[in-house]
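A.B. asks: Okay, so here is work_38.txt, and as you'll see once you scroll down, it has compact mmCIF, C-alpha atoms.
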# COMPACT_ATOMS: atom_id res chain seq x y z
CA MET A 488 94.04 162.31 249.27
CA SER A 489 96.48 164.41 251.29
CA ASP A 490 97.40 168.04 250.88
CA VAL A 491 101.17 168.06 250.83
CA SER A 492 102.97 171.32 251.58
CA LEU A 493 106.73 171.36 251.46
CA THR A 494 109.61 173.75 251.12
CA VAL A 495 111.71 172.19 248.39
CA ASN A 496 115.08 173.71 247.57
CA GLY A 497 113.99 176.97 249.15
CA LYS A 498 110.65 177.21 247.36
CA ARG A 499 107.28 176.61 248.99
CA VAL A 500 105.30 174.06 247.05
CA SER A 501 102.01 172.34 247.66
CA GLY A 502 99.93 169.78 245.95
CA SER A 503 97.45 167.05 246.43
CA ALA A 504 98.55 163.42 246.38
CA GLU A 505 97.14 160.03 247.20
CA ASP A 506 98.01 159.08 250.77
CA ARG A 507 100.10 156.17 249.53
CA THR A 508 102.29 158.43 247.36
CA LEU A 509 105.94 158.07 248.28
CA LEU A 510 107.97 161.21 248.76
CA VAL A 511 110.25 160.26 245.86
CA HIS A 512 107.29 159.99 243.50
CA PHE A 513 105.92 163.32 244.70
CA LEU A 514 109.27 164.95 243.99
CA ARG A 515 109.71 163.32 240.60
CA GLU A 516 106.20 163.19 239.22
CA HIS A 517 104.37 166.07 240.89
CA LEU A 518 107.27 168.53 241.08
CA GLY A 519 109.27 167.31 238.08
CA LEU A 520 112.45 167.04 240.14
CA THR A 521 113.80 163.92 238.47
CA GLY A 522 117.32 164.26 239.84
CA THR A 523 116.29 162.05 242.77
CA HIS A 524 116.33 158.50 241.48
CA VAL A 525 114.39 155.36 242.30
CA GLY A 526 116.88 152.50 242.28
CA CYS A 527 115.82 149.49 244.30
CA ASP A 528 112.58 150.79 245.84
CA THR A 529 113.40 148.60 248.87
CA SER A 530 115.35 151.13 250.99
CA GLN A 531 118.69 149.52 250.27
CA CYS A 532 120.40 151.38 247.43
CA GLY A 533 120.17 155.03 248.49
CA ALA A 534 119.68 156.49 244.99
CA CYS A 535 116.62 158.30 246.40
CA VAL A 536 118.36 160.04 249.31
CA VAL A 537 117.21 163.60 249.94
CA HIS A 538 117.46 165.82 253.02
CA VAL A 539 114.30 166.16 255.09
CA ASP A 540 114.62 168.86 257.75
CA GLY A 541 118.38 168.65 257.42
CA LYS A 542 118.73 164.87 257.62
CA ALA A 543 119.49 162.39 254.85
CA VAL A 544 116.56 160.03 254.35
CA LYS A 545 115.48 157.51 251.76
CA SER A 546 112.61 159.21 249.97
CA CYS A 547 111.34 155.86 248.63
CA THR A 548 110.55 154.85 252.21
CA MET A 549 108.64 157.90 253.34
CA LEU A 550 105.17 158.97 252.35
CA ALA A 551 104.78 162.44 250.85
CA ALA A 552 102.05 162.99 253.47
CA GLN A 553 104.53 162.16 256.24
CA ALA A 554 106.90 164.79 254.89
CA SER A 555 104.26 167.51 254.66
CA GLY A 556 105.40 170.57 256.58
CA SER A 557 109.06 169.69 256.15
CA THR A 558 111.94 171.38 254.39
CA ILE A 559 113.44 169.25 251.64
CA VAL A 560 116.69 169.61 249.75
CA THR A 561 117.20 167.51 246.64
CA ILE A 562 120.20 167.23 244.33
CA GLU A 563 118.74 170.09 242.28
CA GLY A 564 119.02 172.37 245.31
CA LEU A 565 122.74 172.04 245.96
CA ALA A 566 124.41 174.11 243.24
CA ASN A 567 124.42 177.87 243.44
CA GLY A 568 123.41 178.73 239.88
CA ALA A 569 126.22 177.56 237.62
CA GLU A 570 128.55 177.11 240.58
CA LEU A 571 128.64 173.50 241.73
CA HIS A 572 128.38 172.61 245.40
CA PRO A 573 131.83 171.56 246.72
CA VAL A 574 130.68 167.92 246.90
CA GLN A 575 129.45 168.02 243.29
CA ALA A 576 132.71 169.67 242.23
CA ALA A 577 134.72 166.98 244.03
CA PHE A 578 132.73 164.18 242.35
CA LYS A 579 133.51 165.81 238.99
CA GLU A 580 137.18 166.37 239.81
CA HIS A 581 137.77 162.86 241.17
CA HIS A 582 135.54 161.09 238.67
CA GLY A 583 133.26 159.87 241.45
CA LEU A 584 130.73 158.49 239.00
CA GLN A 585 130.55 156.03 236.16
CA CYS A 586 127.00 155.55 234.88
CA GLY A 587 125.82 158.26 237.27
CA PHE A 588 122.63 156.60 238.43
CA CYS A 589 123.59 156.42 242.11
CA THR A 590 125.28 159.84 242.06
CA PRO A 591 122.41 162.05 243.30
CA GLY A 592 121.96 159.79 246.35
CA MET A 593 125.70 159.52 246.90
CA ILE A 594 126.07 163.29 246.86
CA MET A 595 123.11 163.90 249.19
CA THR A 596 124.47 161.25 251.57
CA ALA A 597 127.94 162.79 251.32
CA THR A 598 126.76 166.33 252.15
CA ASP A 599 124.86 164.99 255.16
CA MET A 600 127.87 162.93 256.24
CA ILE A 601 130.25 165.90 255.99
CA ALA A 602 127.81 168.08 257.96
CA ARG A 603 127.66 165.46 260.75
CA HIS A 604 131.45 165.19 260.95
CA PRO A 605 132.76 168.74 261.33
CA GLU A 606 135.90 167.21 262.89
CA GLY A 607 136.75 165.75 259.47
CA LEU A 608 136.47 162.34 257.85
CA ASP A 609 138.78 159.41 257.27
CA GLU A 610 138.43 156.68 254.69
CA ALA A 611 137.07 154.07 257.13
CA THR A 612 134.36 156.47 258.33
CA VAL A 613 133.35 157.39 254.78
CA ARG A 614 133.09 153.74 253.78
CA ALA A 615 131.05 152.89 256.88
CA GLU A 616 128.77 155.87 256.34
CA LEU A 617 128.16 154.83 252.72
CA GLU A 618 126.60 151.60 253.92
CA GLY A 619 123.18 152.62 252.65
CA ASN A 620 124.28 153.66 249.16
CA ILE A 621 124.99 151.16 246.45
CA CYS A 622 126.97 151.87 243.26
CA ARG A 623 126.36 149.01 240.84
CA CYS A 624 129.30 150.12 238.70
CA THR A 625 131.27 149.44 241.94
CA GLY A 626 132.96 152.81 241.60
CA TYR A 627 133.37 153.27 245.34
CA HIS A 628 137.06 154.08 245.26
CA ASN A 629 136.64 157.43 243.52
CA ILE A 630 133.41 158.18 245.39
CA VAL A 631 135.31 157.84 248.68
CA LYS A 632 138.16 159.98 247.32
CA ALA A 633 135.70 162.66 246.21
CA ILE A 634 133.97 162.76 249.60
CA LEU A 635 137.28 163.01 251.47
CA ALA A 636 138.40 165.84 249.16
CA ALA A 637 135.08 167.68 249.52
CA SER A 638 135.22 167.33 253.30
CA GLU A 639 138.65 169.00 253.32
CA THR A 640 137.60 171.76 250.92
CA MET A 641 134.51 172.50 252.99
CA ALA A 642 136.47 172.52 256.28
CA LYS A 643 138.88 175.06 254.76
CA GLY A 644 135.95 177.10 253.46
CA ALA A 645 134.33 177.10 256.91
CA LYS A 646 137.64 178.21 258.51
CA GLY A 647 138.02 180.95 255.91
CA LYS A 648 134.54 182.21 256.65
CA ALA A 649 135.20 182.11 260.38
CA LYS A 650 138.34 184.19 259.82
CA GLN A 651 136.42 186.69 257.70
CA ALA A 652 133.78 186.94 260.40
CA ALA A 653 136.47 187.53 263.03
CA MET B 453 101.35 149.70 247.42
CA TYR B 454 97.69 149.24 248.34
CA SER B 455 95.68 152.37 248.87
CA VAL B 456 95.83 153.60 252.45
CA ASN B 457 94.41 156.46 254.51
CA TYR B 458 97.04 158.57 256.25
CA HIS B 459 96.33 160.34 259.55
CA ARG B 460 98.72 162.50 261.51
CA ALA B 461 97.98 162.17 265.21
CA SER B 462 97.99 165.36 267.29
CA SER B 463 98.52 163.53 270.59
CA VAL B 464 98.78 160.00 271.98
CA ALA B 465 95.08 160.15 272.90
CA ASP B 466 94.26 161.25 269.35
CA ALA B 467 96.36 158.39 267.98
CA ALA B 468 94.45 155.91 270.18
CA LYS B 469 91.20 157.28 268.75
CA LEU B 470 92.45 157.18 265.15
CA LEU B 471 93.60 153.58 265.62
CA LYS B 472 89.94 152.58 265.79
CA ASN B 473 89.63 153.30 262.04
CA GLY B 474 89.32 150.05 260.09
CA ASP B 475 92.45 147.96 260.24
CA ALA B 476 94.69 150.84 261.30
CA LYS B 477 98.35 150.58 262.18
CA LEU B 478 100.68 153.00 263.90
CA LEU B 479 103.33 154.56 261.70
CA SER B 480 106.51 155.93 263.21
CA GLY B 481 109.71 156.05 261.16
CA GLY B 482 108.19 153.58 258.70
CA MET B 483 111.51 151.88 258.00
CA THR B 484 109.91 148.44 258.31
CA LEU B 485 106.22 149.13 257.80
CA ILE B 486 106.53 150.98 254.48
CA PRO B 487 108.73 148.30 252.85
CA ALA B 488 106.32 145.67 254.22
CA MET B 489 103.40 147.54 252.64
CA LYS B 490 105.21 147.82 249.30
CA THR B 491 105.73 144.08 249.18
CA ARG B 492 102.16 143.61 250.44
CA LEU B 493 103.26 141.75 253.53
CA ALA B 494 101.24 144.38 255.38
CA SER B 495 98.09 146.05 254.14
CA PRO B 496 96.64 148.32 256.82
CA SER B 497 93.60 150.34 255.77
CA ASP B 498 94.80 153.35 257.75
CA LEU B 499 98.11 154.67 259.03
CA VAL B 500 98.31 156.75 262.18
CA ASP B 501 101.52 158.76 262.17
CA VAL B 502 102.94 159.33 265.66
CA SER B 503 106.45 160.24 264.56
CA ARG B 504 105.99 163.98 265.10
CA LEU B 505 104.59 163.79 268.62
CA LYS B 506 107.02 165.74 270.79
CA ASP B 507 105.86 163.84 273.91
CA LEU B 508 107.26 160.66 272.40
CA GLN B 509 110.67 162.05 271.54
CA GLY B 510 113.97 162.37 273.32
CA VAL B 511 116.25 160.73 275.85
CA LYS B 512 116.07 161.62 279.55
CA VAL B 513 118.70 160.57 282.04
CA SER B 514 118.10 161.13 285.73
CA GLY B 515 120.78 159.56 287.91
CA LYS B 516 120.88 155.96 286.72
CA THR B 517 117.38 156.02 285.24
CA VAL B 518 117.19 156.30 281.47
CA THR B 519 113.90 157.01 279.69
CA ILE B 520 113.67 157.07 275.91
CA GLY B 521 110.57 158.30 274.09
CA ALA B 522 109.09 155.75 271.70
CA ALA B 523 109.46 157.99 268.64
CA THR B 524 113.14 158.74 269.31
CA THR B 525 115.15 157.87 266.22
CA HIS B 526 118.10 155.49 266.20
CA TYR B 527 120.26 158.45 265.21
CA ASP B 528 119.14 160.48 268.23
CA VAL B 529 119.73 157.50 270.55
CA SER B 530 123.17 156.84 269.08
CA THR B 531 124.32 160.46 269.43
CA ASP B 532 122.71 161.46 272.74
CA GLU B 533 125.52 162.72 274.99
CA LYS B 534 123.71 161.90 278.25
CA LEU B 535 123.03 158.35 277.11
CA ARG B 536 126.60 157.93 275.87
CA LYS B 537 127.71 158.57 279.45
CA ALA B 538 124.96 156.62 281.24
CA CYS B 539 124.75 153.59 278.95
CA PRO B 540 127.22 153.79 276.05
CA ALA B 541 126.38 150.21 275.02
CA LEU B 542 122.85 151.19 273.99
CA ALA B 543 124.05 154.26 272.05
CA HIS B 544 126.58 152.01 270.30
CA MET B 545 123.91 149.41 269.50
CA ALA B 546 121.70 152.09 267.92
CA SER B 547 124.64 153.19 265.73
CA LEU B 548 124.77 149.67 264.25
CA ILE B 549 121.19 149.60 262.96
CA GLY B 550 120.71 149.74 259.19
CA ASP B 551 122.48 152.71 257.60
CA PRO B 552 122.62 156.45 258.36
CA ALA B 553 119.46 157.32 256.40
CA VAL B 554 117.52 154.50 258.07
CA ARG B 555 118.76 155.63 261.50
CA HIS B 556 117.47 159.13 260.78
CA ARG B 557 113.91 157.81 260.53
CA GLY B 558 113.62 154.48 262.36
CA THR B 559 112.51 154.63 265.99
CA ILE B 560 112.97 152.55 269.13
CA GLY B 561 109.21 152.19 269.66
CA GLY B 562 108.68 151.02 266.10
CA SER B 563 111.47 148.49 266.39
CA ILE B 564 110.22 146.85 269.58
CA ALA B 565 106.55 146.93 268.57
CA ASN B 566 107.50 145.06 265.39
CA ASN B 567 109.73 142.63 267.33
CA ASP B 568 111.57 141.33 264.28
CA PRO B 569 113.48 138.21 265.38
CA ALA B 570 116.69 139.77 264.00
CA ALA B 571 116.20 143.32 265.30
CA ASP B 572 118.73 144.77 267.75
CA TYR B 573 116.58 146.68 270.24
CA PRO B 574 114.68 143.65 271.59
CA ALA B 575 118.00 142.11 272.74
CA ALA B 576 119.08 145.39 274.34
CA LEU B 577 115.83 145.94 276.23
CA LEU B 578 115.66 142.33 277.39
CA ALA B 579 119.26 142.41 278.63
CA LEU B 580 118.72 145.79 280.29
CA GLY B 581 115.61 144.48 282.05
CA ALA B 582 113.82 147.52 280.64
CA THR B 583 110.23 148.52 281.22
CA ILE B 584 108.06 149.24 278.21
CA ILE B 585 105.62 152.05 278.96
CA THR B 586 102.39 152.27 276.98
CA ASN B 587 99.37 154.56 277.07
CA LYS B 588 97.73 151.95 279.31
CA ARG B 589 100.34 150.27 281.52
CA GLU B 590 103.95 149.31 282.10
CA ILE B 591 105.28 145.98 280.83
CA ALA B 592 108.55 144.32 281.84
CA ALA B 593 110.73 143.42 278.84
CA ASP B 594 110.73 139.80 280.11
CA LYS B 595 106.97 139.70 279.49
CA PHE B 596 106.85 141.98 276.43
CA PHE B 597 108.58 139.98 273.67
CA LYS B 598 106.30 137.04 272.95
CA GLY B 599 107.58 135.43 269.76
CA LEU B 600 108.18 136.15 266.09
CA PHE B 601 106.78 139.62 265.45
CA GLU B 602 104.63 139.15 268.56
CA THR B 603 104.49 141.30 271.66
CA ALA B 604 102.31 141.68 274.74
CA LEU B 605 100.75 144.81 273.20
CA LYS B 606 96.98 144.71 273.05
CA GLU B 607 94.78 146.10 270.30
CA GLY B 608 94.99 149.89 270.31
CA GLU B 609 97.85 150.01 272.83
CA ILE B 610 100.60 152.54 272.05
CA ILE B 611 104.17 152.40 273.33
CA THR B 612 105.09 155.83 274.67
CA ALA B 613 108.55 155.18 276.14
CA VAL B 614 111.00 152.64 277.47
CA SER B 615 112.92 153.02 280.67
CA PHE B 616 115.68 151.17 282.47
CA THR B 617 118.32 151.49 285.14
CA ALA B 618 121.74 151.93 283.55
CA PRO B 619 123.82 148.84 284.41
CA ALA B 620 127.39 149.04 285.71
CA LYS B 621 128.61 147.23 282.61
CA ALA B 622 127.06 146.45 279.25
CA ALA B 623 127.97 145.79 275.63
CA TYR B 624 126.44 144.57 272.40
CA GLN B 625 128.11 142.61 269.65
CA LYS B 626 126.50 141.48 266.46
CA PHE B 627 127.41 139.35 263.52
CA ARG B 628 125.63 140.93 260.62
CA ASN B 629 124.09 139.51 257.55
CA PRO B 630 126.29 141.24 254.97
CA ALA B 631 123.33 142.10 252.73
CA SER B 632 120.50 143.04 255.07
CA ARG B 633 122.69 144.26 257.98
CA TYR B 634 120.26 142.52 260.33
CA ALA B 635 121.80 140.34 263.03
CA ILE B 636 122.51 136.70 262.21
CA VAL B 637 123.41 136.66 265.88
CA GLY B 638 123.52 139.61 268.24
CA VAL B 639 124.27 139.34 271.96
CA PHE B 640 123.66 142.09 274.50
CA VAL B 641 125.16 141.47 277.95
CA THR B 642 124.67 143.52 281.09
CA LYS B 643 126.00 143.35 284.62
CA GLY B 644 123.80 145.32 286.95
CA LYS B 645 122.70 145.26 290.57
CA ASP B 646 120.40 142.30 289.87
CA GLY B 647 123.14 140.24 288.26
CA VAL B 648 124.10 139.31 284.73
CA ARG B 649 121.67 139.21 281.83
CA ALA B 650 122.48 138.07 278.30
CA ALA B 651 119.92 138.42 275.51
CA VAL B 652 120.27 136.98 272.03
CA THR B 653 118.68 138.24 268.83
CA GLY B 654 118.80 136.92 265.27
CA ALA B 655 118.97 133.31 266.35
CA GLY B 656 115.86 132.12 268.21
CA GLU B 657 112.99 130.38 266.45
CA ASP B 658 110.70 132.32 268.79
CA GLY B 659 112.63 135.56 268.51
CA VAL B 660 114.75 137.24 271.16
CA PHE B 661 115.61 135.17 274.26
CA ARG B 662 117.85 135.17 277.32
CA SER B 663 120.65 132.63 277.24
CA ARG B 664 120.60 130.89 280.62
CA GLU B 665 123.88 129.09 279.82
CA ILE B 666 125.72 132.35 279.27
CA GLU B 667 124.11 134.05 282.25
CA ALA B 668 125.00 131.09 284.53
CA ALA B 669 128.61 131.02 283.33
CA LEU B 670 129.02 134.76 283.89
CA ALA B 671 127.13 134.96 287.19
CA THR B 672 130.17 134.42 289.39
CA ASN B 673 132.84 135.62 287.01
CA PHE B 674 131.95 138.37 284.50
CA ASP B 675 134.90 137.67 282.25
CA ALA B 676 135.18 136.36 278.68
CA ALA B 677 137.36 133.54 280.08
CA ALA B 678 134.32 132.24 282.01
CA LEU B 679 132.73 131.44 278.65
CA GLY B 680 135.76 129.42 277.52
CA GLY B 681 134.22 125.97 277.28
CA ILE B 682 130.59 127.02 276.99
CA LYS B 683 128.21 125.00 274.85
CA VAL B 684 125.09 126.80 273.73
CA PRO B 685 122.41 124.31 272.66
CA ALA B 686 121.31 124.52 269.00
CA LYS B 687 117.82 123.38 269.93
CA GLY B 688 115.28 126.12 269.26
CA LEU B 689 117.64 128.10 267.03
CA MET B 690 116.84 129.09 263.45
CA SER B 691 118.34 127.34 260.45
CA ASP B 692 118.11 129.18 257.16
CA ILE B 693 120.13 129.93 254.04
CA HIS B 694 122.31 132.31 256.02
CA ALA B 695 123.31 130.04 258.90
CA SER B 696 122.47 126.66 260.42
CA ALA B 697 121.29 126.29 264.01
CA ASP B 698 124.69 124.81 265.00
CA TYR B 699 126.51 127.71 263.40
CA ARG B 700 124.27 130.17 265.23
CA ALA B 701 124.81 128.32 268.53
CA ASN B 702 128.55 128.70 268.10
CA LEU B 703 128.18 132.34 267.10
CA ILE B 704 126.20 133.07 270.26
CA ALA B 705 129.17 131.95 272.36
CA VAL B 706 131.59 133.94 270.20
CA MET B 707 129.50 137.13 270.26
CA ALA B 708 128.91 136.74 274.02
CA LYS B 709 132.67 136.50 274.64
CA ARG B 710 133.28 139.60 272.54
CA ALA B 711 130.47 141.45 274.27
CA VAL B 712 131.80 140.63 277.74
CA ALA B 713 135.31 141.68 276.69
CA ALA B 714 133.90 144.95 275.35
CA ALA B 715 131.84 145.52 278.51
CA ASN B 716 134.97 145.07 280.65
CA ALA B 717 137.20 147.21 278.43
Can the structure in the file be given as structure tokens, please?

C.D. replies:
Amino acid sequence: MSDVSLTVNGKRVSGSAEDRTLLVHFLREHLGLTGTHVGCDTSQCGACVVHVDGKAVKSCTMLAAQASGSTIVTIEGLANGAELHPVQAAFKEHHGLQCGFCTPGMIMTATDMIARHPEGLDEATVRAELEGNICRCTGYHNIVKAILAASETMAKGAKGKAKQAA
Amino acid sequence: MYSVNYHRASSVADAAKLLKNGDAKLLSGGMTLIPAMKTRLASPSDLVDVSRLKDLQGVKVSGKTVTIGAATTHYDVSTDEKLRKACPALAHMASLIGDPAVRHRGTIGGSIANNDPAADYPAALLALGATIITNKREIAADKFFKGLFETALKEGEIITAVSFTAPAKAAYQKFRNPASRYAIVGVFVTKGKDGVRAAVTGAGEDGVFRSREIEAALATNFDAAALGGIKVPAKGLMSDIHASADYRANLIAVMAKRAVAAANA
């Protein structure tokens, strides 16, 4: 057994888990954070993407014990109360989901992608960056649109904040 | 997944000690080992996690000498500014591995220790004439990659870094399996002070290899045109549901031409 201590969505949590416990199972079953999904369980589909120390990773391919000591953000940690995160709002606005199963992973991948491309995104980059996320409804078109829109909104927001600070 | 005992190493020496537990394996990013354990292709009794060891992380460039810590992630290799200047081909190659989430975890040491016959790094290190540094010795890439999933590593030996001299020209081109993103054929070419080297991944029955035909054709003229009429033998190449040996042989020539063109661009 491993003692697993994490900061998840800003809260310190700890628990005991078998060493073989995957991070996604720790989040879902020990912490009750079922927003992170298990799709393929073979590191291909990306439904389980969460941020570990600020980087998007597939939580089905990491042991909870490996993550111990890290800061995790899951889909539940994005919204600010009732106010959706700009990426969530863009997925809603552009209908970037059909059945919704892949959506948590898509959104966590998208927020990571936008953070890594402060210069902005184009369609080709978004599609290439979504390589590790599969939507079995094949709803990529609106997912890409939503990510592009969110990237613009967030760039404007960042500029606005910079202006305020100045 | 089978039950397993997890250990987090506090140093390379500690990892070497922990490796003596049962049938222990080193765990770095886990992007291959964990899926292999889930499907029960691997069933180590113990895992020794070296991914957080600071000594094993980071890219150092000193003049033409590049040293990359074994636990450096593909993402960190692909985005390292010093490496992008010294050897952009290797940074580009790292950006083609898997997907962004996989690149955030997978490491160069893990990739070469596993020596998957379709992995990218073995071709890069072989073409760069790199040296693999372990906790015990230094091994030339030419002697390191031994066959399918086989390396010169001995029991309990831990890769700590790889190092190479940045070549004047280099490039990597791969033809990907559209599902797995692994190379059906990948060719890494370099032109350095010791001549031209061309290493092929994804195709060899014994894993990564240097293509003597391509190296000979490019030796006097490092130009895609020098590969115009080249015939790469299909003998010793893999045939599977994705591609026949003949198809792979042809692809090696095509990818080599593209790589040389990219290296000269």

A.B. asks: Quick one: contact table of chain B to chain A, 8 Å max, nearest atom pair and distance in Å to one decimal per residue, counting all atoms listed in the file, chain and number order, as a tab-separated table?

C.D. replies:
residue	atom	partner	partner_atom	distance
B:Met453	CA	A:Arg507	CA	6.9
B:Tyr454	CA	A:Arg507	CA	7.4
B:Ser455	CA	A:Arg507	CA	5.9
B:Val456	CA	A:Arg507	CA	5.8
B:Asn457	CA	A:Asp506	CA	5.8
B:Tyr458	CA	A:Asp506	CA	5.6
B:Arg460	CA	A:Gln553	CA	7.9
B:Gly482	CA	A:Met549	CA	6.9
B:Met483	CA	A:Thr548	CA	6.6
B:Ile486	CA	A:Thr548	CA	6.0
B:Pro487	CA	A:Thr529	CA	6.1
B:Asp501	CA	A:Gln553	CA	7.5
B:Gly550	CA	A:Gly619	CA	7.6
B:Asp551	CA	A:Gly619	CA	5.0
B:Pro552	CA	A:Glu616	CA	6.5
B:Ala553	CA	A:Val544	CA	4.5
B:Val554	CA	A:Val544	CA	6.7
B:His556	CA	A:Val544	CA	6.6
B:Arg557	CA	A:Val544	CA	7.1

A.B. asks: Do a neighbour search on Ala642 of chain A at 10 Å with all atoms listed in the file, toss out local chain neighbours closer than 2 positions, and write the hits as a list of chain:residue names.

C.D. replies: A:Ile601, A:Ala602, A:Pro605, A:Glu606, A:Gly607, A:Ala636, A:Ala637, A:Ser638, A:Glu639, A:Thr640, A:Gly644, A:Ala645, A:Lys646, A:Gly647, A:Lys648

A.B. asks: To one decimal place in Å, what is the distance between atom CA of Pro591 of chain A and atom CA of Ala551 of chain A?

C.D. replies: 19.2 Å

A.B. asks: For the atom pair atom CA of Val631 of chain A and atom CA of Val511 of chain A, what is the interatomic distance in Å to one decimal place?

C.D. replies: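 Between these atoms lies a distance of 25.3 Å.
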
A.B. asks: I'd like the contact shell of Glu602 of chain B - 9 Å cut-off, only C-alpha atoms, skipping same-chain residues fewer than 6 positions apart - returned as a PDB file with C-alpha atoms, keeping the file's coordinate frame.

C.D. replies:
ATOM      1  CA  ALA B 565     106.550 146.930 268.570  1.00  0.00           C
ATOM      2  CA  ASN B 566     107.500 145.060 265.390  1.00  0.00           C
ATOM      3  CA  ASN B 567     109.730 142.630 267.330  1.00  0.00           C
ATOM      4  CA  ASP B 568     111.570 141.330 264.280  1.00  0.00           C
ATOM      5  CA  PHE B 596     106.850 141.980 276.430  1.00  0.00           C
ATOM      6  CA  GLY B 659     112.630 135.560 268.510  1.00  0.00           C
TER       7      GLY B 659
END

A.B. asks: Find the residues around Asp528 of chain B up to 12 Å (only C-alpha atoms counted), leave out those fewer than 6 positions away in its own chain, and share them as a ChimeraX atom specification.

C.D. replies: /A:542 /B:509-512,520-522,534-536,542-544,546-547,552,554-560

A.B. asks: Which distance in Å separates atom CA of Ala686 of chain B and atom CA of Ala705 of chain B, to one decimal?

C.D. replies: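 Between these atoms lies a distance of 11.3 Å.
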
A.B. asks: Using only C-alpha atoms, which of the listed residues (B:Leu600, B:Met489, B:Ala622, B:Val712) sits closest to Leu577 of chain B?

C.D. replies: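 Closest to Leu577 of chain B of all the choices is B:Ala622.
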
A.B. asks: Restricting the calculation to only C-alpha atoms, which member of A:Val491, A:Ala611, A:Cys586, A:Ala577 is positioned closest to Thr625 of chain A?

C.D. replies: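 Ranking A:Val491, A:Ala611, A:Cys586, A:Ala577 by distance to Thr625 of chain A, first place goes to A:Cys586.
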
A.B. asks: Name the residues in contact with Lys621 of chain B at a cut-off of 8 Å, using all atoms listed in the file, excluding same-chain residues fewer than 6 positions from it; report them as a PyMOL selection string.

C.D. replies: chain B and resi 642-644+715-716
